[in-house]
file coords-v9.cif (mmCIF, C-alpha atoms and all ligand atoms)
data_data
loop_
_atom_site.label_atom_id
_atom_site.label_comp_id
_atom_site.auth_asym_id
_atom_site.auth_seq_id
_atom_site.Cartn_x
_atom_site.Cartn_y
_atom_site.Cartn_z
CA MET A 1 -9.37 -23.55 64.12
CA ALA A 2 -10.77 -24.19 67.51
CA GLN A 3 -14.37 -25.26 67.36
CA ASN A 4 -16.64 -23.12 69.44
CA SER A 5 -19.22 -25.79 69.90
CA ARG A 6 -21.56 -25.73 72.76
CA PRO A 7 -23.16 -28.94 73.94
CA VAL A 8 -26.80 -29.14 72.94
CA PHE A 9 -28.96 -29.96 75.86
CA ARG A 10 -31.77 -32.36 75.13
CA SER A 11 -34.34 -33.38 77.62
CA PRO A 12 -34.40 -37.21 77.68
CA SER A 13 -38.19 -37.21 78.04
CA LEU A 14 -38.58 -34.97 74.97
CA GLU A 15 -36.34 -37.24 72.91
CA GLN A 16 -38.26 -40.24 74.12
CA GLU A 17 -41.51 -38.57 73.10
CA THR A 18 -40.16 -37.77 69.63
CA VAL A 19 -39.05 -41.35 69.09
CA GLU A 20 -42.45 -42.62 70.20
CA GLU A 21 -44.20 -40.14 67.93
CA LEU A 22 -41.99 -41.16 64.99
CA SER A 23 -42.61 -44.86 65.60
CA ARG A 24 -46.34 -44.21 65.81
CA ARG A 25 -46.30 -42.33 62.50
CA LEU A 26 -44.18 -45.04 60.94
CA LEU A 27 -46.71 -47.65 62.00
CA GLU A 28 -49.53 -45.53 60.59
CA ILE A 29 -47.74 -45.09 57.27
CA THR A 30 -46.97 -48.81 57.10
CA ALA A 31 -50.64 -49.61 57.70
CA GLN A 32 -51.66 -47.14 54.96
CA LEU A 33 -49.14 -48.65 52.56
CA ASN A 34 -50.40 -52.15 53.32
CA ALA A 35 -54.00 -51.05 52.71
CA SER A 36 -53.06 -49.39 49.37
CA ASN A 37 -51.15 -52.48 48.39
CA ARG A 38 -54.13 -54.70 49.15
CA SER A 39 -56.51 -52.51 47.13
CA LEU A 40 -54.03 -52.41 44.23
CA GLN A 41 -53.81 -56.20 44.30
CA HIS A 42 -57.60 -56.39 44.37
CA LEU A 43 -57.85 -54.04 41.37
CA GLN A 44 -55.22 -56.02 39.51
CA GLN A 45 -57.10 -59.26 40.21
CA GLU A 46 -60.39 -57.68 39.08
CA ARG A 47 -58.77 -56.46 35.87
CA THR A 48 -57.25 -59.88 35.13
CA GLU A 49 -60.61 -61.59 35.73
CA MET A 50 -62.38 -59.07 33.52
CA LEU A 51 -59.87 -59.57 30.70
CA ALA A 52 -60.32 -63.34 30.98
CA ASN A 53 -64.12 -62.94 30.80
CA LEU A 54 -63.87 -60.49 27.92
CA SER A 55 -61.55 -62.65 25.87
CA HIS A 56 -63.94 -65.55 26.41
CA ASP A 57 -66.86 -63.36 25.35
CA LEU A 58 -64.99 -62.12 22.27
CA ARG A 59 -63.94 -65.60 21.27
CA ALA A 60 -67.45 -67.15 21.30
CA PRO A 61 -68.98 -64.92 18.56
CA LEU A 62 -65.72 -64.99 16.56
CA THR A 63 -65.81 -68.79 16.54
CA ALA A 64 -69.44 -68.71 15.34
CA ILE A 65 -68.56 -66.22 12.57
CA ARG A 66 -65.51 -68.26 11.54
CA SER A 67 -67.57 -71.48 11.21
CA ALA A 68 -70.32 -69.69 9.25
CA VAL A 69 -67.70 -68.29 6.85
CA ASP A 70 -66.06 -71.75 6.53
CA TYR A 71 -69.48 -73.21 5.79
CA LEU A 72 -70.23 -70.58 3.12
CA THR A 73 -66.85 -71.01 1.44
CA SER A 74 -66.68 -74.81 1.72
CA GLY A 75 -67.57 -75.28 -1.94
CA GLN A 76 -70.58 -77.49 -1.17
CA SER A 77 -73.81 -76.56 -2.91
CA LEU A 78 -75.93 -74.56 -0.49
CA SER A 79 -79.61 -73.66 -0.75
CA ALA A 80 -80.67 -70.01 -0.59
CA GLN A 81 -82.09 -70.78 2.87
CA ASP A 82 -78.76 -72.18 4.13
CA ILE A 83 -76.94 -69.12 2.85
CA GLU A 84 -79.46 -66.79 4.47
CA GLY A 85 -79.20 -68.69 7.77
CA ALA A 86 -75.40 -68.41 7.80
CA LEU A 87 -75.52 -64.72 6.87
CA THR A 88 -78.08 -64.00 9.62
CA LEU A 89 -75.82 -65.73 12.14
CA ILE A 90 -72.83 -63.66 10.97
CA ASP A 91 -74.96 -60.52 11.24
CA HIS A 92 -76.11 -61.32 14.81
CA ARG A 93 -72.70 -62.31 16.07
CA THR A 94 -71.12 -59.22 14.49
CA GLY A 95 -73.75 -57.18 16.40
CA THR A 96 -72.69 -58.90 19.63
CA LEU A 97 -69.04 -58.07 18.96
CA GLU A 98 -69.84 -54.44 18.12
CA HIS A 99 -71.88 -54.06 21.30
CA LEU A 100 -69.19 -55.64 23.47
CA ILE A 101 -66.40 -53.53 22.00
CA ARG A 102 -68.48 -50.33 22.36
CA ASP A 103 -69.26 -51.08 26.02
CA MET A 104 -65.64 -52.03 26.79
CA TYR A 105 -64.46 -48.75 25.32
CA GLU A 106 -67.12 -46.81 27.23
CA LEU A 107 -66.28 -48.49 30.55
CA PHE A 108 -62.53 -47.85 30.17
CA THR A 109 -63.22 -44.21 29.25
CA LEU A 110 -65.56 -43.71 32.21
CA GLU A 111 -63.04 -45.21 34.62
CA ASP A 112 -60.37 -42.77 33.44
CA PRO A 113 -60.43 -39.86 35.94
CA SER A 114 -59.27 -37.45 33.22
CA HIS A 115 -62.50 -38.08 31.28
CA ALA A 116 -64.54 -35.02 32.25
CA PHE A 117 -68.26 -35.15 33.02
CA SER A 118 -70.45 -32.12 32.21
CA PHE A 119 -71.86 -31.63 35.69
CA GLN A 120 -74.69 -29.11 36.06
CA GLU A 121 -77.57 -28.41 38.42
CA LEU A 122 -80.60 -30.46 37.40
CA ASP A 123 -84.19 -30.23 38.53
CA ALA A 124 -84.61 -33.97 39.17
CA PRO A 125 -88.43 -34.38 38.74
CA ALA A 126 -88.43 -32.26 35.54
CA PHE A 127 -85.48 -34.23 34.19
CA LEU A 128 -87.15 -37.60 34.89
CA GLU A 129 -90.46 -36.44 33.38
CA GLU A 130 -88.77 -35.22 30.24
CA TYR A 131 -86.91 -38.53 29.92
CA PHE A 132 -90.12 -40.45 30.55
CA TYR A 133 -92.09 -38.65 27.87
CA ALA A 134 -89.34 -39.15 25.31
CA GLY A 135 -91.06 -42.32 24.14
CA HIS A 136 -90.74 -44.80 27.03
CA LEU A 137 -93.71 -46.94 27.88
CA LEU A 138 -93.69 -47.14 31.63
CA CYS A 139 -95.15 -45.89 34.84
CA LEU A 140 -93.60 -42.76 36.36
CA SER A 141 -93.86 -42.49 40.13
CA VAL A 142 -92.47 -39.11 41.21
CA SER A 143 -94.37 -37.13 43.83
CA GLN A 144 -95.62 -33.65 42.86
CA ASP A 145 -94.14 -32.46 46.16
CA LEU A 146 -90.64 -33.57 45.30
CA HIS A 147 -88.31 -30.64 44.73
CA ALA A 148 -84.87 -32.15 44.30
CA THR A 149 -81.80 -30.77 42.61
CA LEU A 150 -78.99 -33.01 41.43
CA PHE A 151 -75.52 -31.96 40.41
CA ALA A 152 -75.17 -34.34 37.52
CA ASP A 153 -74.12 -34.87 33.92
CA PRO A 154 -77.48 -35.23 32.07
CA GLY A 155 -76.04 -37.31 29.23
CA LYS A 156 -74.55 -39.76 31.73
CA LEU A 157 -77.82 -39.92 33.71
CA ILE A 158 -79.64 -40.81 30.50
CA ARG A 159 -77.07 -43.58 29.93
CA ILE A 160 -77.95 -44.98 33.39
CA LEU A 161 -81.72 -44.81 32.80
CA ASP A 162 -81.44 -46.27 29.28
CA ASN A 163 -79.54 -49.22 30.65
CA LEU A 164 -81.85 -49.91 33.62
CA LEU A 165 -85.07 -49.44 31.62
CA GLY A 166 -83.61 -51.32 28.65
CA ASN A 167 -82.80 -54.27 30.91
CA ALA A 168 -86.27 -54.18 32.49
CA ALA A 169 -87.84 -54.23 29.01
CA LYS A 170 -85.44 -56.99 27.89
CA TYR A 171 -85.83 -59.37 30.84
CA ALA A 172 -89.44 -58.77 31.95
CA PRO A 173 -92.27 -60.34 29.93
CA ALA A 174 -94.04 -58.11 27.40
CA GLY A 175 -97.04 -56.30 28.84
CA THR A 176 -95.80 -56.22 32.44
CA LYS A 177 -95.35 -52.96 34.31
CA ILE A 178 -92.04 -51.11 34.54
CA THR A 179 -91.90 -48.26 37.07
CA LEU A 180 -89.45 -45.39 37.23
CA SER A 181 -89.60 -43.77 40.66
CA ALA A 182 -87.68 -41.20 42.67
CA ALA A 183 -87.76 -40.53 46.40
CA PRO A 184 -85.55 -38.73 48.91
CA SER A 185 -83.41 -40.67 51.37
CA ALA A 186 -84.54 -40.56 55.01
CA ASP A 187 -81.80 -38.08 55.95
CA LEU A 188 -82.62 -35.83 52.96
CA THR A 189 -79.10 -35.92 51.55
CA SER A 190 -79.71 -37.98 48.45
CA LEU A 191 -82.27 -38.97 45.86
CA ARG A 192 -82.97 -42.63 45.16
CA ILE A 193 -84.00 -43.26 41.55
CA SER A 194 -85.35 -46.79 41.01
CA VAL A 195 -86.47 -48.93 38.13
CA THR A 196 -88.84 -51.71 39.19
CA ASP A 197 -89.95 -54.51 36.88
CA GLU A 198 -92.12 -57.62 37.10
CA GLY A 199 -89.62 -59.90 35.41
CA PRO A 200 -87.76 -62.98 36.65
CA GLY A 201 -85.72 -61.07 39.28
CA ILE A 202 -82.08 -61.81 40.05
CA PRO A 203 -80.94 -65.10 41.62
CA PRO A 204 -80.13 -64.23 45.28
CA GLU A 205 -76.55 -65.50 44.94
CA ASP A 206 -75.96 -63.03 42.07
CA LEU A 207 -77.34 -59.92 43.78
CA GLU A 208 -73.97 -59.04 45.34
CA ARG A 209 -71.95 -59.24 42.14
CA ILE A 210 -74.43 -58.11 39.53
CA PHE A 211 -72.80 -54.66 39.14
CA ASN A 212 -69.35 -56.18 39.10
CA ARG A 213 -67.53 -55.89 35.82
CA THR A 214 -65.98 -59.29 36.38
CA TYR A 215 -69.44 -60.82 36.56
CA THR A 216 -69.39 -63.77 34.14
CA VAL A 217 -72.01 -62.64 31.74
CA SER A 218 -72.08 -65.55 29.33
CA SER A 219 -74.17 -67.68 31.65
CA ALA A 220 -76.44 -64.74 32.43
CA ARG A 221 -77.06 -63.63 28.90
CA THR A 222 -80.33 -64.34 27.18
CA PRO A 223 -79.72 -67.17 24.71
CA GLY A 224 -79.55 -66.05 21.11
CA SER A 225 -79.38 -62.39 22.03
CA ALA A 226 -77.25 -60.47 19.55
CA THR A 227 -76.69 -57.60 21.96
CA GLY A 228 -75.91 -57.61 25.68
CA SER A 229 -72.27 -57.18 26.59
CA GLY A 230 -72.86 -57.82 30.28
CA LEU A 231 -70.98 -54.57 30.93
CA GLY A 232 -74.08 -52.36 31.12
CA LEU A 233 -74.47 -52.52 34.90
CA ALA A 234 -70.74 -51.99 35.42
CA ILE A 235 -71.13 -48.81 33.34
CA VAL A 236 -74.12 -47.77 35.49
CA LYS A 237 -72.05 -48.31 38.65
CA THR A 238 -69.03 -46.38 37.35
CA ILE A 239 -71.14 -43.38 36.29
CA THR A 240 -73.05 -43.38 39.59
CA GLU A 241 -69.88 -43.55 41.67
CA ARG A 242 -68.34 -40.68 39.68
CA HIS A 243 -71.38 -38.67 40.80
CA GLY A 244 -70.62 -39.61 44.41
CA GLY A 245 -73.58 -42.02 44.52
CA THR A 246 -74.22 -45.72 45.09
CA VAL A 247 -76.05 -48.50 43.24
CA SER A 248 -78.12 -51.37 44.57
CA CYS A 249 -80.33 -54.18 43.40
CA GLU A 250 -82.97 -56.15 45.27
CA ASN A 251 -85.76 -58.49 44.33
CA ALA A 252 -89.29 -57.12 44.57
CA SER A 253 -91.55 -58.84 47.10
CA GLY A 254 -93.72 -60.39 44.37
CA ALA A 255 -91.86 -61.04 41.14
CA GLY A 256 -89.24 -58.81 39.57
CA SER A 257 -86.30 -56.68 40.53
CA ILE A 258 -85.61 -53.15 41.75
CA PHE A 259 -82.45 -51.46 40.49
CA SER A 260 -81.63 -48.20 42.28
CA VAL A 261 -79.09 -45.43 41.96
CA THR A 262 -78.79 -43.07 44.91
CA LEU A 263 -77.29 -39.67 44.09
CA PRO A 264 -76.39 -36.74 46.33
CA ALA A 265 -79.19 -34.15 46.06
CA LYS A 266 -80.48 -30.94 47.56
CA PHE A 267 -84.13 -30.69 48.57
CA LEU A 268 -86.43 -27.76 48.84
CA GLN A 269 -89.24 -28.19 51.36
CA SER A 270 -92.61 -27.44 49.75
P1 LIG A 301 -76.49 -57.31 29.58
O1 LIG A 301 -75.91 -56.50 28.47
O2 LIG A 301 -76.10 -58.77 29.57
O3 LIG A 301 -77.95 -57.07 29.80
P2 LIG A 301 -76.02 -55.91 32.10
O4 LIG A 301 -74.71 -55.59 32.76
O5 LIG A 301 -76.91 -54.76 31.79
O6 LIG A 301 -75.65 -56.74 30.82
O7 LIG A 301 -76.77 -56.98 33.00
C1 LIG A 301 -76.02 -58.08 33.51
C2 LIG A 301 -76.93 -59.25 33.76
O8 LIG A 301 -77.83 -58.92 34.82
C3 LIG A 301 -77.85 -59.60 32.58
O9 LIG A 301 -77.19 -60.45 31.68
C4 LIG A 301 -79.03 -60.28 33.29
O10 LIG A 301 -78.74 -61.62 33.56
C5 LIG A 301 -79.10 -59.56 34.63
N1 LIG A 301 -80.14 -58.51 34.64
C6 LIG A 301 -79.97 -57.18 34.49
N2 LIG A 301 -81.13 -56.49 34.61
C7 LIG A 301 -82.08 -57.42 34.85
C8 LIG A 301 -83.49 -57.36 35.09
N3 LIG A 301 -84.16 -56.20 35.10
N4 LIG A 301 -84.15 -58.54 35.33
C9 LIG A 301 -83.47 -59.71 35.34
N5 LIG A 301 -82.14 -59.84 35.13
C10 LIG A 301 -81.45 -58.71 34.88
#
call {"tool": "encode", "arguments": {"input": "coords-v9.cif", "output": "C-alpha cells"}}
result
Amino acid sequence: MAQNSRPVFRSPSLEQETVEELSRRLLEITAQLNASNRSLQHLQQERTEMLANLSHDLRAPLTAIRSAVDYLTSGQSLSAQDIEGALTLIDHRTGTLEHLIRDMYELFTLEDPSHAFSFQELDAPAFLEEYFYAGHLLCLSVSQDLHATLFADPGKLIRILDNLLGNAAKYAPAGTKITLSAAPSADLTSLRISVTDEGPGIPPEDLERIFNRTYTVSSARTPGSATGSGLGLAIVKTITERHGGTVSCENASGAGSIFSVTLPAKFLQS
C-alpha cells in the first residue's frame, strides 16, 4: 500500500531550542542526583560512625559485667563487702545498658517517618508553666505578655524539656540556678525555648557536634555514671526537627550553657 506520508516541517530554531531545553533539564537532574547521592553517602557514613560508637559503648559495660561475674564465680573466698561491690557494679552497668538500649530504640523510632506524632495546638506559656510546676526546681522566665501557640506533640515536648533540664541538673553543681525561658523570634514566626544553667558549659570545639548522634559520648560522659547514653541530645534534635524547628547550644557569658529549641509558633499581640 502506498504510504500517504506528508513531510513534517520542523523549524530548525524550534528544534534547537528543544535540544537546549532538554540538555538544561538533563544537567539539572544530574545535579539533583549528585546532591542526593552525596547526602545519602553522608547519612550512610553517619550511620556507620554511630554504630561503631554504639558498639563501643555497649561493649564497655558488658566487659565490666563479665569481669564482675567471673570474679564472683572464681571460687575464691570473697568477703560480704567484695560480693556487694561486685553486685553494685553489675547493677550500675546493667542500668547503663538499659538506658543505652532504650535511647537507641527511641531514636530509631523517632527517625522513622511513619512514626506518627500527636500534633495539637498548644498554648505555649500555659504548657511551660504546667510542666514547671510538675515538681521541677528551677526558675521560669516567661513573660506575662507572651501569647504563643505551638502546633506540637505535648508528650514529645516533655521529652525535650526532661532531657535539657535533666542534663542541666546533672552537669551543673547542686544549688546553682537553672532557668527555663521562652521568647519569640525577632520576626515573630517562632518561639525559642531555652534552658540555661550555671554549670561547666560545653568545650567550644564540641558546640558544633553536641547534637550529633555520632558524637563520641564515652569521653563526654560523667565518670561512674550509670545512666547517660549520650543519645539524649540527638533525640532532642530529631523531635525538634520533626516539628519543623531547630536546636542550638551556646555558652553563657559567665559560666554555664544555654540549650535552645526554636519551634514554629503563632503569636497573638496583647
Ligand atoms: P548524656 O546521656 O551523656 O547526658 P546527652 O546527649 O544528653 O547525653 O548529652 C551529650 C553530652 O553533652 C553529655 O555527655 C555532656 O558531656 C554534654 N552536656 C549536655 N548537656 C550539658 C550541660 N547542660 N552542661 C554541660 N555539658 C552538657
call {"tool": "residues_around", "arguments": {"input": "coords-v9.cif", "residues": "A:Ala126", "least_positions_apart": "6", "cutoff": "12 Å", "atoms": "all atoms listed in the file", "output": "ChimeraX atom specification"}}
result
/A:132-133,140,142-144,146-150,154,182
call {"tool": "closest_residue", "arguments": {"input": "coords-v9.cif", "among": "A:Arg192, A:His42, A:His99, A:Arg242", "to": "ligand LIG 301 (chain A)", "atoms": "all atoms listed in the file"}}
result
A:His99
call {"tool": "atom_distance", "arguments": {"input": "coords-v9.cif", "atom1": "atom CA of A:Ile193", "atom2": "atom CA of A:Ser253"}}
result
18.2 Å
call {"tool": "atom_distance", "arguments": {"input": "coords-v9.cif", "atom1": "atom CA of A:Ala186", "atom2": "atom CA of A:Tyr131"}}
result
25.3 Å
call {"tool": "closest_residue", "arguments": {"input": "coords-v9.cif", "among": "A:Thr73, A:Ser67, A:Ser23, A:Asn167", "to": "ligand LIG 301 (chain A)", "atoms": "all atoms listed in the file"}}
result
A:Asn167
call {"tool": "closest_residue", "arguments": {"input": "coords-v9.cif", "among": "A:Leu231, A:Ala86, A:Val261, A:Leu51", "to": "A:Leu191", "atoms": "only C-alpha atoms"}}
result
A:Val261
call {"tool": "axis_aligned_box", "arguments": {"input": "coords-v9.cif", "around": "stretch 176-188 of chain A", "padding_each_side": "6 Å", "output": "JSON"}}
result
{"center_x": -88.8, "center_y": -46.0, "center_z": 44.2, "size_x": 26.0, "size_y": 32.4, "size_z": 35.5}
call {"tool": "closest_residue", "arguments": {"input": "coords-v9.cif", "among": "A:Ile178, A:Ala35, A:Leu26, A:Leu128", "to": "A:Ile158", "atoms": "only C-alpha atoms"}}
result
A:Leu128
call {"tool": "atom_distance", "arguments": {"input": "coords-v9.cif", "atom1": "atom CA of A:Ala234", "atom2": "atom CA of A:Leu58"}}
result
17.6 Å
call {"tool": "closest_residue", "arguments": {"input": "coords-v9.cif", "among": "A:Ser181, A:Ala252, A:Ala169, A:Gln269", "to": "ligand LIG 301 (chain A)", "atoms": "all atoms listed in the file"}}
result
A:Ala169
call {"tool": "decode", "arguments": {"input": "coords-v9.cif", "residues": "stretch 65-94 of chain A", "atoms": "N, CA, C and O atoms", "output": "tab-separated table (two decimals), in the first residue's frame"}}
result
chain	number	residue	atom	x	y	z
A	65	ILE	N	30.63	-6.10	83.37
A	65	ILE	CA	29.71	-7.09	83.95
A	65	ILE	C	30.36	-8.48	83.89
A	65	ILE	O	30.37	-9.23	84.86
A	66	ARG	N	30.95	-8.80	82.73
A	66	ARG	CA	31.60	-10.10	82.56
A	66	ARG	C	32.70	-10.29	83.61
A	66	ARG	O	32.78	-11.32	84.27
A	67	SER	N	33.54	-9.26	83.85
A	67	SER	CA	34.63	-9.47	84.83
A	67	SER	C	34.08	-9.57	86.25
A	67	SER	O	34.62	-10.33	87.06
A	68	ALA	N	32.99	-8.84	86.55
A	68	ALA	CA	32.40	-8.96	87.90
A	68	ALA	C	31.83	-10.37	88.10
A	68	ALA	O	32.00	-10.97	89.17
A	69	VAL	N	31.19	-10.90	87.04
A	69	VAL	CA	30.63	-12.27	87.15
A	69	VAL	C	31.78	-13.27	87.30
A	69	VAL	O	31.72	-14.18	88.15
A	70	ASP	N	32.84	-13.12	86.51
A	70	ASP	CA	34.00	-14.02	86.61
A	70	ASP	C	34.56	-13.99	88.03
A	70	ASP	O	34.93	-15.02	88.60
A	71	TYR	N	34.63	-12.78	88.56
A	71	TYR	CA	35.18	-12.59	89.92
A	71	TYR	C	34.31	-13.33	90.95
A	71	TYR	O	34.80	-14.06	91.80
A	72	LEU	N	32.97	-13.16	90.80
A	72	LEU	CA	32.05	-13.79	91.76
A	72	LEU	C	32.05	-15.31	91.66
A	72	LEU	O	31.80	-16.01	92.64
A	73	THR	N	32.32	-15.82	90.46
A	73	THR	CA	32.24	-17.28	90.27
A	73	THR	C	33.63	-17.92	90.23
A	73	THR	O	33.77	-19.07	89.82
A	74	SER	N	34.65	-17.17	90.65
A	74	SER	CA	36.03	-17.69	90.53
A	74	SER	C	36.35	-18.77	91.55
A	74	SER	O	37.37	-19.44	91.45
A	75	GLY	N	35.50	-18.92	92.55
A	75	GLY	CA	35.73	-19.95	93.56
A	75	GLY	C	36.57	-19.46	94.72
A	75	GLY	O	36.70	-20.15	95.74
A	76	GLN	N	37.17	-18.27	94.59
A	76	GLN	CA	37.96	-17.75	95.73
A	76	GLN	C	37.01	-17.27	96.83
A	76	GLN	O	35.85	-16.93	96.55
A	77	SER	N	37.50	-17.30	98.07
A	77	SER	CA	36.60	-16.88	99.15
A	77	SER	C	36.51	-15.36	99.16
A	77	SER	O	37.53	-14.66	99.18
A	78	LEU	N	35.28	-14.88	99.09
A	78	LEU	CA	35.05	-13.43	98.99
A	78	LEU	C	34.33	-12.93	100.23
A	78	LEU	O	33.44	-13.62	100.75
A	79	SER	N	34.71	-11.74	100.68
A	79	SER	CA	34.01	-11.16	101.84
A	79	SER	C	32.65	-10.63	101.37
A	79	SER	O	32.44	-10.41	100.16
A	80	ALA	N	31.77	-10.39	102.33
A	80	ALA	CA	30.43	-9.87	102.01
A	80	ALA	C	30.58	-8.53	101.28
A	80	ALA	O	29.83	-8.21	100.36
A	81	GLN	N	31.61	-7.76	101.68
A	81	GLN	CA	31.84	-6.44	101.07
A	81	GLN	C	32.25	-6.57	99.59
A	81	GLN	O	31.78	-5.82	98.74
A	82	ASP	N	33.14	-7.57	99.33
A	82	ASP	CA	33.56	-7.80	97.94
A	82	ASP	C	32.36	-8.17	97.07
A	82	ASP	O	32.20	-7.68	95.95
A	83	ILE	N	31.54	-9.06	97.64
A	83	ILE	CA	30.36	-9.52	96.87
A	83	ILE	C	29.43	-8.33	96.60
A	83	ILE	O	28.97	-8.13	95.48
A	84	GLU	N	29.22	-7.52	97.62
A	84	GLU	CA	28.33	-6.37	97.46
A	84	GLU	C	28.88	-5.40	96.41
A	84	GLU	O	28.15	-4.88	95.56
A	85	GLY	N	30.21	-5.19	96.46
A	85	GLY	CA	30.86	-4.28	95.49
A	85	GLY	C	30.64	-4.78	94.07
A	85	GLY	O	30.28	-4.01	93.17
A	86	ALA	N	30.85	-6.09	93.86
A	86	ALA	CA	30.70	-6.65	92.51
A	86	ALA	C	29.24	-6.57	92.05
A	86	ALA	O	28.97	-6.24	90.89
A	87	LEU	N	28.32	-6.84	93.00
A	87	LEU	CA	26.89	-6.78	92.63
A	87	LEU	C	26.46	-5.35	92.29
A	87	LEU	O	25.69	-5.12	91.36
A	88	THR	N	27.01	-4.38	93.05
A	88	THR	CA	26.67	-2.97	92.78
A	88	THR	C	27.16	-2.58	91.38
A	88	THR	O	26.46	-1.92	90.61
A	89	LEU	N	28.38	-3.04	91.06
A	89	LEU	CA	28.93	-2.73	89.74
A	89	LEU	C	28.05	-3.33	88.63
A	89	LEU	O	27.71	-2.66	87.65
A	90	ILE	N	27.64	-4.59	88.85
A	90	ILE	CA	26.76	-5.24	87.85
A	90	ILE	C	25.46	-4.44	87.71
A	90	ILE	O	24.98	-4.18	86.60
A	91	ASP	N	24.93	-4.02	88.86
A	91	ASP	CA	23.67	-3.26	88.85
A	91	ASP	C	23.82	-1.95	88.06
A	91	ASP	O	23.01	-1.64	87.19
A	92	HIS	N	24.91	-1.21	88.33
A	92	HIS	CA	25.13	0.08	87.64
A	92	HIS	C	25.32	-0.11	86.15
A	92	HIS	O	24.73	0.60	85.34
A	93	ARG	N	26.16	-1.08	85.81
A	93	ARG	CA	26.45	-1.28	84.38
A	93	ARG	C	25.23	-1.80	83.62
A	93	ARG	O	25.03	-1.50	82.45
A	94	THR	N	24.40	-2.60	84.33
A	94	THR	CA	23.16	-3.06	83.69
A	94	THR	C	22.26	-1.86	83.43
A	94	THR	O	21.62	-1.76	82.37
